[in-house]
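> data-v7.pdb is reproduced below (PDB, C-alpha atoms).
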ATOM      1  CA  MET C   1      69.936 119.552  62.872
ATOM      2  CA  ASN C   2      68.754 121.223  59.680
ATOM      3  CA  ASN C   3      71.539 119.900  57.450
ATOM      4  CA  HIS C   4      70.846 122.734  55.038
ATOM      5  CA  VAL C   5      74.458 123.289  53.925
ATOM      6  CA  LEU C   6      75.588 121.298  50.882
ATOM      7  CA  ASN C   7      79.237 120.188  50.877
ATOM      8  CA  ILE C   8      80.869 118.919  47.707
ATOM      9  CA  SER C   9      84.247 117.492  46.840
ATOM     10  CA  CYS C  10      85.376 116.903  43.295
ATOM     11  CA  TYR C  11      88.511 116.614  41.208
ATOM     12  CA  LYS C  12      89.499 115.986  37.630
ATOM     13  CA  PHE C  13      92.847 115.440  35.986
ATOM     14  CA  VAL C  14      92.737 117.504  32.789
ATOM     15  CA  PRO C  15      95.329 119.831  31.228
ATOM     16  CA  LEU C  16      94.790 123.408  32.421
ATOM     17  CA  PRO C  17      97.408 125.658  30.792
ATOM     18  CA  ASP C  18      95.179 128.628  31.719
ATOM     19  CA  ALA C  19      95.182 127.836  35.441
ATOM     20  CA  GLU C  20      95.969 131.409  36.493
ATOM     21  CA  ALA C  21      93.115 132.897  34.447
ATOM     22  CA  LEU C  22      90.790 130.212  35.811
ATOM     23  CA  ARG C  23      91.835 131.092  39.348
ATOM     24  CA  LYS C  24      90.550 134.647  38.948
ATOM     25  CA  LEU C  25      87.333 133.569  37.232
ATOM     26  CA  LEU C  26      86.450 130.864  39.741
ATOM     27  CA  HIS C  27      87.266 133.056  42.712
ATOM     28  CA  GLU C  28      84.915 135.736  41.373
ATOM     29  CA  ARG C  29      82.129 133.203  40.766
ATOM     30  CA  ALA C  30      82.487 131.494  44.134
ATOM     31  CA  THR C  31      82.652 134.783  46.026
ATOM     32  CA  ALA C  32      79.606 136.141  44.201
ATOM     33  CA  ALA C  33      77.711 132.974  45.178
ATOM     34  CA  ALA C  34      78.821 133.367  48.835
ATOM     35  CA  LEU C  35      80.491 129.953  48.782
ATOM     36  CA  LYS C  36      83.345 128.937  51.040
ATOM     37  CA  GLY C  37      86.011 126.281  50.645
ATOM     38  CA  THR C  38      89.135 125.624  48.626
ATOM     39  CA  ILE C  39      89.768 125.178  44.916
ATOM     40  CA  LEU C  40      93.205 123.998  43.815
ATOM     41  CA  LEU C  41      94.265 124.402  40.193
ATOM     42  CA  ALA C  42      97.390 123.159  38.426
ATOM     43  CA  HIS C  43      98.455 122.298  34.913
ATOM     44  CA  GLU C  44      97.318 118.743  35.712
ATOM     45  CA  GLY C  45      93.745 119.570  36.755
ATOM     46  CA  ILE C  46      91.336 120.800  39.429
ATOM     47  CA  ASN C  47      90.562 119.718  42.997
ATOM     48  CA  MET C  48      87.811 121.469  44.931
ATOM     49  CA  PHE C  49      85.935 121.445  48.220
ATOM     50  CA  LEU C  50      82.977 123.825  48.487
ATOM     51  CA  ALA C  51      80.094 124.478  50.851
ATOM     52  CA  GLY C  52      77.024 126.671  50.833
ATOM     53  CA  PRO C  53      73.292 126.677  50.029
ATOM     54  CA  ALA C  54      72.421 123.878  47.622
ATOM     55  CA  ALA C  55      71.196 126.198  44.866
ATOM     56  CA  ALA C  56      74.397 128.229  44.991
ATOM     57  CA  VAL C  57      76.647 125.154  44.966
ATOM     58  CA  HIS C  58      74.739 123.517  42.111
ATOM     59  CA  GLY C  59      74.750 126.779  40.177
ATOM     60  CA  PHE C  60      78.524 127.062  40.533
ATOM     61  CA  VAL C  61      79.042 123.475  39.329
ATOM     62  CA  ASP C  62      76.630 123.952  36.413
ATOM     63  CA  ALA C  63      78.549 127.047  35.306
ATOM     64  CA  LEU C  64      81.826 125.141  35.579
ATOM     65  CA  ARG C  65      80.431 122.343  33.408
ATOM     66  CA  THR C  66      79.886 124.771  30.527
ATOM     67  CA  ASP C  67      83.651 124.498  30.028
ATOM     68  CA  PRO C  68      83.987 121.271  27.991
ATOM     69  CA  ARG C  69      86.955 120.222  30.116
ATOM     70  CA  PHE C  70      84.679 120.013  33.151
ATOM     71  CA  ALA C  71      81.479 118.771  31.486
ATOM     72  CA  ASP C  72      81.595 115.397  33.242
ATOM     73  CA  LEU C  73      82.338 116.596  36.780
ATOM     74  CA  ALA C  74      80.493 114.430  39.303
ATOM     75  CA  PRO C  75      80.874 115.929  42.795
ATOM     76  CA  LYS C  76      80.437 113.835  45.908
ATOM     77  CA  GLU C  77      77.826 115.408  48.204
ATOM     78  CA  SER C  78      77.210 115.526  51.930
ATOM     79  CA  TRP C  79      75.194 117.788  54.204
ATOM     80  CA  SER C  80      75.929 119.710  57.367
ATOM     81  CA  ASP C  81      74.237 122.147  59.709
ATOM     82  CA  THR C  82      76.916 124.808  59.281
ATOM     83  CA  VAL C  83      79.517 125.768  56.682
ATOM     84  CA  PRO C  84      82.720 123.890  57.637
ATOM     85  CA  PHE C  85      85.068 126.393  55.971
ATOM     86  CA  ARG C  86      86.085 129.864  57.141
ATOM     87  CA  LYS C  87      86.917 131.479  53.806
ATOM     88  CA  MET C  88      86.989 130.998  50.040
ATOM     89  CA  LEU C  89      90.443 130.186  48.639
ATOM     90  CA  VAL C  90      91.384 129.530  45.018
ATOM     91  CA  LYS C  91      95.058 128.656  44.531
ATOM     92  CA  VAL C  92      97.324 127.669  41.667
ATOM     93  CA  LYS C  93      99.727 124.910  42.693
ATOM     94  CA  ARG C  94     102.379 122.786  41.014
ATOM     95  CA  GLU C  95     100.175 119.691  41.514
ATOM     96  CA  ILE C  96      96.588 119.385  42.732
ATOM     97  CA  ILE C  97      97.839 116.543  44.906
ATOM     98  CA  ARG C  98     101.562 116.587  45.455
ATOM     99  CA  MET C  99     103.400 113.374  44.675
ATOM    100  CA  ASP C 100     106.680 114.810  43.305
ATOM    101  CA  HIS C 101     106.611 112.222  40.540
ATOM    102  CA  PRO C 102     106.132 114.207  37.300
ATOM    103  CA  ALA C 103     105.982 111.120  35.095
ATOM    104  CA  ILE C 104     102.554 110.323  36.578
ATOM    105  CA  GLN C 105     100.036 112.081  34.338
ATOM    106  CA  PRO C 106      96.504 110.782  35.015
ATOM    107  CA  ALA C 107      95.066 112.983  32.262
ATOM    108  CA  SER C 108      97.003 110.848  29.766
ATOM    109  CA  GLY C 109      95.396 107.609  30.948
ATOM    110  CA  ARG C 110      93.879 106.331  34.170
ATOM    111  CA  ALA C 111      94.487 103.049  35.893
ATOM    112  CA  PRO C 112      91.420 100.772  35.911
ATOM    113  CA  ALA C 113      88.882 101.556  38.614
ATOM    114  CA  VAL C 114      86.393  99.466  40.563
ATOM    115  CA  THR C 115      83.059 100.778  41.754
ATOM    116  CA  PRO C 116      82.177 100.817  45.442
ATOM    117  CA  ALA C 117      79.653  98.034  44.810
ATOM    118  CA  THR C 118      82.321  95.847  43.219
ATOM    119  CA  LEU C 119      84.782  96.366  46.073
ATOM    120  CA  HIS C 120      82.013  95.668  48.580
ATOM    121  CA  ARG C 121      81.257  92.384  46.797
ATOM    122  CA  TRP C 122      84.916  91.380  46.547
ATOM    123  CA  LEU C 123      85.521  92.026  50.232
ATOM    124  CA  THR C 124      82.382  90.111  51.162
ATOM    125  CA  GLN C 125      83.322  87.051  49.104
ATOM    126  CA  GLY C 126      87.028  87.281  50.034
ATOM    127  CA  HIS C 127      88.441  87.383  46.492
ATOM    128  CA  ASP C 128      87.989  89.086  43.137
ATOM    129  CA  ASP C 129      86.006  87.625  40.246
ATOM    130  CA  ALA C 130      89.053  85.667  39.061
ATOM    131  CA  GLY C 131      89.575  84.103  42.483
ATOM    132  CA  ARG C 132      92.643  86.170  43.414
ATOM    133  CA  PRO C 133      92.999  87.440  46.980
ATOM    134  CA  VAL C 134      92.059  91.117  47.315
ATOM    135  CA  VAL C 135      93.956  93.612  49.444
ATOM    136  CA  THR C 136      93.070  97.241  50.038
ATOM    137  CA  LEU C 137      95.910  99.759  50.151
ATOM    138  CA  ASP C 138      95.364 102.976  52.100
ATOM    139  CA  THR C 139      97.216 105.817  50.359
ATOM    140  CA  ARG C 140      96.399 108.444  52.995
ATOM    141  CA  ASN C 141      98.500 109.946  55.766
ATOM    142  CA  ALA C 142      98.886 107.945  58.951
ATOM    143  CA  PHE C 143      96.736 110.263  61.081
ATOM    144  CA  GLU C 144      93.897 109.904  58.555
ATOM    145  CA  VAL C 145      94.170 106.124  58.625
ATOM    146  CA  ASP C 146      93.947 106.218  62.414
ATOM    147  CA  GLU C 147      90.476 107.789  62.164
ATOM    148  CA  GLY C 148      89.165 104.829  60.162
ATOM    149  CA  THR C 149      89.971 102.520  57.267
ATOM    150  CA  PHE C 150      88.932  99.280  55.572
ATOM    151  CA  ASP C 151      89.297  96.093  57.578
ATOM    152  CA  ASN C 152      92.825  94.692  57.228
ATOM    153  CA  ALA C 153      93.886  97.523  54.915
ATOM    154  CA  ILE C 154      97.593  97.854  54.156
ATOM    155  CA  ASP C 155      98.945 100.978  55.833
ATOM    156  CA  TRP C 156     102.534 102.056  55.241
ATOM    157  CA  ARG C 157     102.379 104.809  57.900
ATOM    158  CA  ILE C 158     103.291 107.627  55.517
ATOM    159  CA  ASP C 159     103.121 111.194  56.797
ATOM    160  CA  LYS C 160     102.630 112.823  53.402
ATOM    161  CA  PHE C 161     101.790 111.600  49.927
ATOM    162  CA  THR C 162     105.276 112.282  48.568
ATOM    163  CA  GLU C 163     106.401 109.340  50.723
ATOM    164  CA  PHE C 164     104.183 106.918  48.798
ATOM    165  CA  PRO C 165     106.565 106.193  45.859
ATOM    166  CA  PRO C 166     109.549 105.143  48.026
ATOM    167  CA  ALA C 167     107.238 103.172  50.333
ATOM    168  CA  LEU C 168     105.874 101.304  47.326
ATOM    169  CA  ARG C 169     109.350 100.291  46.233
ATOM    170  CA  VAL C 170     110.105  98.914  49.680
ATOM    171  CA  HIS C 171     106.878  96.889  49.878
ATOM    172  CA  LYS C 172     106.169  96.078  46.220
ATOM    173  CA  ALA C 173     107.031  92.376  46.488
ATOM    174  CA  GLU C 174     104.342  91.967  49.159
ATOM    175  CA  LEU C 175     101.672  92.954  46.617
ATOM    176  CA  ALA C 176     102.663  90.482  43.899
ATOM    177  CA  ASN C 177      99.995  87.992  42.775
ATOM    178  CA  LYS C 178      97.271  89.882  44.616
ATOM    179  CA  THR C 179      94.502  92.156  43.400
ATOM    180  CA  VAL C 180      95.316  95.540  44.915
ATOM    181  CA  VAL C 181      92.654  98.221  45.328
ATOM    182  CA  SER C 182      94.121 101.575  46.285
ATOM    183  CA  PHE C 183      91.840 104.008  48.078
ATOM    184  CA  CYS C 184      91.791 107.435  49.685
ATOM    185  CA  THR C 185      89.216 110.011  50.758
ATOM    186  CA  GLY C 186      87.779 111.023  47.402
ATOM    187  CA  GLY C 187      89.859 109.265  44.773
ATOM    188  CA  ILE C 188      92.595 111.722  43.856
ATOM    189  CA  ARG C 189      95.522 110.142  45.708
ATOM    190  CA  CYS C 190      94.595 106.549  44.926
ATOM    191  CA  GLU C 191      94.329 107.461  41.240
ATOM    192  CA  LYS C 192      97.956 108.571  41.103
ATOM    193  CA  ALA C 193      98.975 105.649  43.322
ATOM    194  CA  ALA C 194      97.346 103.066  41.050
ATOM    195  CA  ILE C 195      99.095 104.467  37.981
ATOM    196  CA  LEU C 196     102.456 104.359  39.769
ATOM    197  CA  MET C 197     101.919 100.768  40.894
ATOM    198  CA  ARG C 198     101.203  99.706  37.333
ATOM    199  CA  GLU C 199     104.279 101.538  36.094
ATOM    200  CA  GLU C 200     106.266  99.644  38.740
ATOM    201  CA  GLY C 201     105.124  96.368  37.231
ATOM    202  CA  LEU C 202     102.167  95.339  39.386
ATOM    203  CA  THR C 203      99.491  93.897  37.125
ATOM    204  CA  HIS C 204      96.252  93.538  39.074
ATOM    205  CA  VAL C 205      95.888  97.064  40.414
ATOM    206  CA  TYR C 206      92.738  99.161  40.651
ATOM    207  CA  GLN C 207      91.654 102.427  42.211
ATOM    208  CA  LEU C 208      88.445 102.769  44.194
ATOM    209  CA  GLU C 209      86.239 105.036  42.113
ATOM    210  CA  GLY C 210      85.285 108.076  44.184
ATOM    211  CA  GLY C 211      87.236 106.915  47.216
ATOM    212  CA  ILE C 212      85.856 106.338  50.697
ATOM    213  CA  LEU C 213      83.211 109.051  50.377
ATOM    214  CA  LYS C 214      81.671 107.416  47.316
ATOM    215  CA  TYR C 215      81.857 104.032  49.086
ATOM    216  CA  PHE C 216      79.873 105.519  51.964
ATOM    217  CA  GLU C 217      77.405 107.058  49.527
ATOM    218  CA  GLU C 218      76.749 103.934  47.454
ATOM    219  CA  THR C 219      77.077 101.066  49.958
ATOM    220  CA  ASP C 220      76.137 100.280  53.544
ATOM    221  CA  GLY C 221      79.724 100.978  54.652
ATOM    222  CA  ALA C 222      80.431  97.337  55.524
ATOM    223  CA  HIS C 223      84.111  96.290  55.698
ATOM    224  CA  TYR C 224      85.078  99.804  56.821
ATOM    225  CA  HIS C 225      85.567 100.693  60.474
ATOM    226  CA  GLY C 226      85.723 104.158  62.017
ATOM    227  CA  GLY C 227      85.176 107.455  60.250
ATOM    228  CA  CYS C 228      86.711 109.157  57.250
ATOM    229  CA  PHE C 229      88.892 112.186  57.953
ATOM    230  CA  VAL C 230      88.002 115.238  55.855
ATOM    231  CA  PHE C 231      90.000 118.431  55.552
ATOM    232  CA  ASP C 232      87.384 120.829  56.862
ATOM    233  CA  GLU C 233      85.924 121.756  60.225
ATOM    234  CA  ARG C 234      83.725 118.647  60.384
ATOM    235  CA  ARG C 235      86.993 116.679  60.722
ATOM    236  CA  THR C 236      85.435 113.224  60.146
ATOM    237  CA  LEU C 237      82.413 111.734  58.408
ATOM    238  CA  ALA C 238      80.629 108.572  59.475
ATOM    239  CA  ALA C 239      79.427 105.945  57.019
ATOM    240  CA  ASP C 240      76.083 107.754  56.705
ATOM    241  CA  LEU C 241      78.044 110.915  55.707
ATOM    242  CA  SER C 242      77.128 112.709  58.925
ATOM    243  CA  ALA C 243      79.794 114.484  60.978
ATOM    244  CA  GLY C 244      81.619 111.943  63.122
ATOM    245  CA  THR C 245      83.854 112.064  66.182
ATOM    246  CA  LEU C 246      87.506 113.028  65.876
ATOM    247  CA  ARG C 247      89.838 110.573  67.594
ATOM    248  CA  ASN C 248      93.469 111.028  66.690
ATOM    249  CA  ALA C 249      94.127 113.750  64.095
ATOM    250  CA  PRO C 250      96.420 116.671  65.006
ATOM    251  CA  ASP C 251      94.812 120.026  65.693
ATOM    252  CA  ASP C 252      96.387 121.575  62.598
ATOM    253  CA  ALA C 253      95.335 118.751  60.254
ATOM    254  CA  ILE C 254      92.934 120.978  58.305
ATOM    255  CA  ASP C 255      95.893 123.044  57.181
ATOM    256  CA  LYS C 256      98.077 120.113  56.099
TER     257      LYS C 256
END
In structure tokens, how does this file's structure come out?

Amino acid sequence: MNNHVLNISCYKFVPLPDAEALRKLLHERATAAALKGTILLAHEGINMFLAGPAAAVHGFVDALRTDPRFADLAPKESWSDTVPFRKMLVKVKREIIRMDHPAIQPASGRAPAVTPATLHRWLTQGHDDAGRPVVTLDTRNAFEVDEGTFDNAIDWRIDKFTEFPPALRVHKAELANKTVVSFCTGGIRCEKAAILMREEGLTHVYQLEGGILKYFEETDGAHYHGGCFVFDERRTLAADLSAGTLRNAPDDAIDK
């Protein structure tokens, strides 16, 4: 395999009142660079998945960073032999990740985050630095969890992220007096989830910075079993960020 195609995923919660104008601009730039993937824009921010030659992808990101709102974008990278997207889509949505909980505004203040290295250390030693038991909470859909997750992760078997808030209220008492680290593929869902948990009164709550993909990138992948489902034609990534083997996801999962 040549692994000459660069794949990136990146998001940022930042107010974008000009989302429609940005949609046209970014679609023109991405198309001119022959990139493929999906960019979602909303008043709350940007969420994007792109693939193409490395120079073209880096050039697109560099141009995006000239907008001060995106100056600190830090895409997660992986490589593949072919482009895992069929077209280039740029859409304006109500939310870049739908939770149906408008009070959650990550751009106004994030929940605390832990780095992959810190979570790796906590899971290895069996507790956080204050001696509290640590639990990982998977905020992804059930079929994603079935492809792989952290050892002993809490899984509420949700089918879509809008089910997370009511599930939290049912199970909140189980998380009391524990250090809870929420996680997802790249960080976007667990960021909203961590904010909601804190608003619901849970004190020791963190999000995994960069999600599973950043954990794979910056650690040896220990304490995680299976692959990580991704919403492109690779379907799953192994801990070394190579394309893995799909086990349980539905055939139409890319479109969900």
> Choose the residue, out of C:Thr179, C:Thr203, C:Asp138, C:Asn7, that has the smallest atom-to-atom separation from C:Phe164; count all atoms listed in the file.
C:Asp138
> To one decimal in Å, tell me the separation between atom CA of C:Ile96 and atom CA of C:Ala193.
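Here the two named atoms are 14.0 Å from each other.
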> Could you list as a list of chain:residue names every residue that has an atom within 7 Å of (87.0, 122.2, 52.0), using the file's coordinates and counting all atoms listed in the file?
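Applying the cut-off with all atoms listed in the file, one gets C:Gly37, C:Thr38, C:Phe49, C:Leu50, C:Phe85, C:Phe231, C:Asp232.
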> Check what the PyMOL selection byres ((chain C and resi 168) around 12) selects in the file above and give those residues as a VMD selection string.
chain C and resid 137 to 139 154 to 158 161 to 167 169 to 176 182 193 to 202
> Export, as a compact mmCIF listing (two decimals), in the frame of the given file, the selected residues with C-alpha atoms.

# COMPACT_ATOMS: atom_id res chain seq x y z
CA LEU C 137 95.91 99.76 50.15
CA ASP C 138 95.36 102.98 52.10
CA THR C 139 97.22 105.82 50.36
CA ILE C 154 97.59 97.85 54.16
CA ASP C 155 98.94 100.98 55.83
CA TRP C 156 102.53 102.06 55.24
CA ARG C 157 102.38 104.81 57.90
CA ILE C 158 103.29 107.63 55.52
CA PHE C 161 101.79 111.60 49.93
CA THR C 162 105.28 112.28 48.57
CA GLU C 163 106.40 109.34 50.72
CA PHE C 164 104.18 106.92 48.80
CA PRO C 165 106.56 106.19 45.86
CA PRO C 166 109.55 105.14 48.03
CA ALA C 167 107.24 103.17 50.33
CA ARG C 169 109.35 100.29 46.23
CA VAL C 170 110.10 98.91 49.68
CA HIS C 171 106.88 96.89 49.88
CA LYS C 172 106.17 96.08 46.22
CA ALA C 173 107.03 92.38 46.49
CA GLU C 174 104.34 91.97 49.16
CA LEU C 175 101.67 92.95 46.62
CA ALA C 176 102.66 90.48 43.90
CA SER C 182 94.12 101.58 46.28
CA ALA C 193 98.98 105.65 43.32
CA ALA C 194 97.35 103.07 41.05
CA ILE C 195 99.10 104.47 37.98
CA LEU C 196 102.46 104.36 39.77
CA MET C 197 101.92 100.77 40.89
CA ARG C 198 101.20 99.71 37.33
CA GLU C 199 104.28 101.54 36.09
CA GLU C 200 106.27 99.64 38.74
CA GLY C 201 105.12 96.37 37.23
CA LEU C 202 102.17 95.34 39.39
> I want to know what sits within 7 Å of C:Gly52, based on all atoms listed in the file, with residues of the same chain fewer than 6 positions away left out; could you give that as a list in words?
Val5, Leu6, Asn7, Leu35, Lys36 and Val83 of chain C
> Generate a file of the selected residues that holds C-alpha atoms, formatted as a PDB file, in the frame of the given file.

ATOM      1  CA  VAL C   5      74.458 123.289  53.925  1.00  0.00           C
ATOM      2  CA  LEU C   6      75.588 121.298  50.882  1.00  0.00           C
ATOM      3  CA  ASN C   7      79.237 120.188  50.877  1.00  0.00           C
ATOM      4  CA  LEU C  35      80.491 129.953  48.782  1.00  0.00           C
ATOM      5  CA  LYS C  36      83.345 128.937  51.040  1.00  0.00           C
ATOM      6  CA  VAL C  83      79.517 125.768  56.682  1.00  0.00           C
TER       7      VAL C  83
END
> Between C:Pro75, C:Gly187, C:Pro133, C:Gly227, single out the one closest to C:Ser9, counting all atoms listed in the file.
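Under the stated criterion, the closest residue is C:Pro75.
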> Taking the file as I've supplied it (selection: the PyMOL selection byres ((chain C and resi 12) around 7)), which residues are included? Please answer as a ChimeraX atom specification.
/C:11,13-14,45-47
> Between atom CA of C:His120 and atom CA of C:Ala222, what is the spacing in Å?
7.3 Å
> Work out how far apart atom CA of C:Leu64 and atom CA of C:Leu40 are and give it in Å to one decimal.
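Separation of atom CA of C:Leu64 and atom CA of C:Leu40: 14.1 Å.
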> Starting from the incomplete input, reconstruct all heavy atoms of stretch 136-146 of chain C and write that as a PDB file, in the frame of the given file.

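Output file rebuild.pdb follows:
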ATOM      1  N   THR C 136      93.294  95.811  50.188  1.00  0.00           N
ATOM      2  CA  THR C 136      93.070  97.241  50.038  1.00  0.00           C
ATOM      3  C   THR C 136      94.299  97.969  50.550  1.00  0.00           C
ATOM      4  O   THR C 136      94.871  97.621  51.580  1.00  0.00           O
ATOM      5  CB  THR C 136      91.822  97.698  50.808  1.00  0.00           C
ATOM      6  OG1 THR C 136      91.939  97.299  52.183  1.00  0.00           O
ATOM      7  CG2 THR C 136      90.564  97.084  50.207  1.00  0.00           C
ATOM      8  N   LEU C 137      94.711  98.998  49.825  1.00  0.00           N
ATOM      9  CA  LEU C 137      95.910  99.759  50.151  1.00  0.00           C
ATOM     10  C   LEU C 137      95.522 101.201  50.444  1.00  0.00           C
ATOM     11  O   LEU C 137      95.058 101.912  49.555  1.00  0.00           O
ATOM     12  CB  LEU C 137      96.904  99.700  48.991  1.00  0.00           C
ATOM     13  CG  LEU C 137      98.159 100.572  49.111  1.00  0.00           C
ATOM     14  CD1 LEU C 137      98.970 100.197  50.353  1.00  0.00           C
ATOM     15  CD2 LEU C 137      99.014 100.459  47.852  1.00  0.00           C
ATOM     16  N   ASP C 138      95.706 101.625  51.683  1.00  0.00           N
ATOM     17  CA  ASP C 138      95.364 102.976  52.100  1.00  0.00           C
ATOM     18  C   ASP C 138      96.490 103.920  51.701  1.00  0.00           C
ATOM     19  O   ASP C 138      97.625 103.766  52.154  1.00  0.00           O
ATOM     20  CB  ASP C 138      95.138 103.029  53.614  1.00  0.00           C
ATOM     21  CG  ASP C 138      94.253 104.175  54.037  1.00  0.00           C
ATOM     22  OD1 ASP C 138      94.360 105.256  53.419  1.00  0.00           O
ATOM     23  OD2 ASP C 138      93.451 104.010  54.976  1.00  0.00           O
ATOM     24  N   THR C 139      96.187 104.895  50.853  1.00  0.00           N
ATOM     25  CA  THR C 139      97.216 105.817  50.359  1.00  0.00           C
ATOM     26  C   THR C 139      97.236 107.130  51.138  1.00  0.00           C
ATOM     27  O   THR C 139      97.948 108.061  50.759  1.00  0.00           O
ATOM     28  CB  THR C 139      96.996 106.122  48.865  1.00  0.00           C
ATOM     29  OG1 THR C 139      95.762 106.832  48.693  1.00  0.00           O
ATOM     30  CG2 THR C 139      96.957 104.838  48.052  1.00  0.00           C
ATOM     31  N   ARG C 140      96.495 107.197  52.244  1.00  0.00           N
ATOM     32  CA  ARG C 140      96.399 108.444  52.995  1.00  0.00           C
ATOM     33  C   ARG C 140      97.493 108.551  54.066  1.00  0.00           C
ATOM     34  O   ARG C 140      98.223 107.600  54.331  1.00  0.00           O
ATOM     35  CB  ARG C 140      95.019 108.538  53.658  1.00  0.00           C
ATOM     36  CG  ARG C 140      93.859 108.521  52.666  1.00  0.00           C
ATOM     37  CD  ARG C 140      92.529 108.447  53.387  1.00  0.00           C
ATOM     38  NE  ARG C 140      92.449 107.226  54.188  1.00  0.00           N
ATOM     39  CZ  ARG C 140      91.648 107.079  55.246  1.00  0.00           C
ATOM     40  NH1 ARG C 140      90.855 108.064  55.620  1.00  0.00           N
ATOM     41  NH2 ARG C 140      91.639 105.939  55.910  1.00  0.00           N
ATOM     42  N   ASN C 141      97.548 109.724  54.683  1.00  0.00           N
ATOM     43  CA  ASN C 141      98.500 109.946  55.766  1.00  0.00           C
ATOM     44  C   ASN C 141      98.117 109.126  56.993  1.00  0.00           C
ATOM     45  O   ASN C 141      96.943 108.824  57.218  1.00  0.00           O
ATOM     46  CB  ASN C 141      98.539 111.427  56.137  1.00  0.00           C
ATOM     47  CG  ASN C 141      98.974 112.311  54.981  1.00  0.00           C
ATOM     48  OD1 ASN C 141      99.650 111.855  54.065  1.00  0.00           O
ATOM     49  ND2 ASN C 141      98.571 113.564  55.014  1.00  0.00           N
ATOM     50  N   ALA C 142      99.101 108.824  57.807  1.00  0.00           N
ATOM     51  CA  ALA C 142      98.886 107.945  58.951  1.00  0.00           C
ATOM     52  C   ALA C 142      97.789 108.451  59.880  1.00  0.00           C
ATOM     53  O   ALA C 142      96.959 107.664  60.365  1.00  0.00           O
ATOM     54  CB  ALA C 142     100.192 107.772  59.731  1.00  0.00           C
ATOM     55  N   PHE C 143      97.751 109.770  60.147  1.00  0.00           N
ATOM     56  CA  PHE C 143      96.736 110.263  61.081  1.00  0.00           C
ATOM     57  C   PHE C 143      95.330 110.118  60.508  1.00  0.00           C
ATOM     58  O   PHE C 143      94.365 109.956  61.256  1.00  0.00           O
ATOM     59  CB  PHE C 143      97.013 111.717  61.492  1.00  0.00           C
ATOM     60  CG  PHE C 143      96.736 112.753  60.430  1.00  0.00           C
ATOM     61  CD1 PHE C 143      95.449 113.240  60.237  1.00  0.00           C
ATOM     62  CD2 PHE C 143      97.762 113.265  59.658  1.00  0.00           C
ATOM     63  CE1 PHE C 143      95.188 114.201  59.275  1.00  0.00           C
ATOM     64  CE2 PHE C 143      97.517 114.235  58.696  1.00  0.00           C
ATOM     65  CZ  PHE C 143      96.217 114.703  58.501  1.00  0.00           C
ATOM     66  N   GLU C 144      95.202 110.139  59.174  1.00  0.00           N
ATOM     67  CA  GLU C 144      93.897 109.904  58.555  1.00  0.00           C
ATOM     68  C   GLU C 144      93.489 108.444  58.712  1.00  0.00           C
ATOM     69  O   GLU C 144      92.327 108.136  59.019  1.00  0.00           O
ATOM     70  CB  GLU C 144      93.934 110.277  57.081  1.00  0.00           C
ATOM     71  CG  GLU C 144      94.218 111.732  56.788  1.00  0.00           C
ATOM     72  CD  GLU C 144      94.444 111.981  55.307  1.00  0.00           C
ATOM     73  OE1 GLU C 144      93.444 112.033  54.554  1.00  0.00           O
ATOM     74  OE2 GLU C 144      95.622 112.103  54.898  1.00  0.00           O
ATOM     75  N   VAL C 145      94.443 107.559  58.485  1.00  0.00           N
ATOM     76  CA  VAL C 145      94.170 106.124  58.625  1.00  0.00           C
ATOM     77  C   VAL C 145      93.705 105.815  60.041  1.00  0.00           C
ATOM     78  O   VAL C 145      92.800 104.993  60.250  1.00  0.00           O
ATOM     79  CB  VAL C 145      95.428 105.309  58.281  1.00  0.00           C
ATOM     80  CG1 VAL C 145      95.151 103.816  58.452  1.00  0.00           C
ATOM     81  CG2 VAL C 145      95.895 105.606  56.866  1.00  0.00           C
ATOM     82  N   ASP C 146      94.288 106.485  61.022  1.00  0.00           N
ATOM     83  CA  ASP C 146      93.947 106.218  62.414  1.00  0.00           C
ATOM     84  C   ASP C 146      92.503 106.588  62.748  1.00  0.00           C
ATOM     85  O   ASP C 146      91.950 106.093  63.737  1.00  0.00           O
ATOM     86  CB  ASP C 146      94.895 106.986  63.345  1.00  0.00           C
ATOM     87  CG  ASP C 146      96.305 106.427  63.319  1.00  0.00           C
ATOM     88  OD1 ASP C 146      96.476 105.278  62.866  1.00  0.00           O
ATOM     89  OD2 ASP C 146      97.236 107.146  63.738  1.00  0.00           O
TER      90      ASP C 146
END
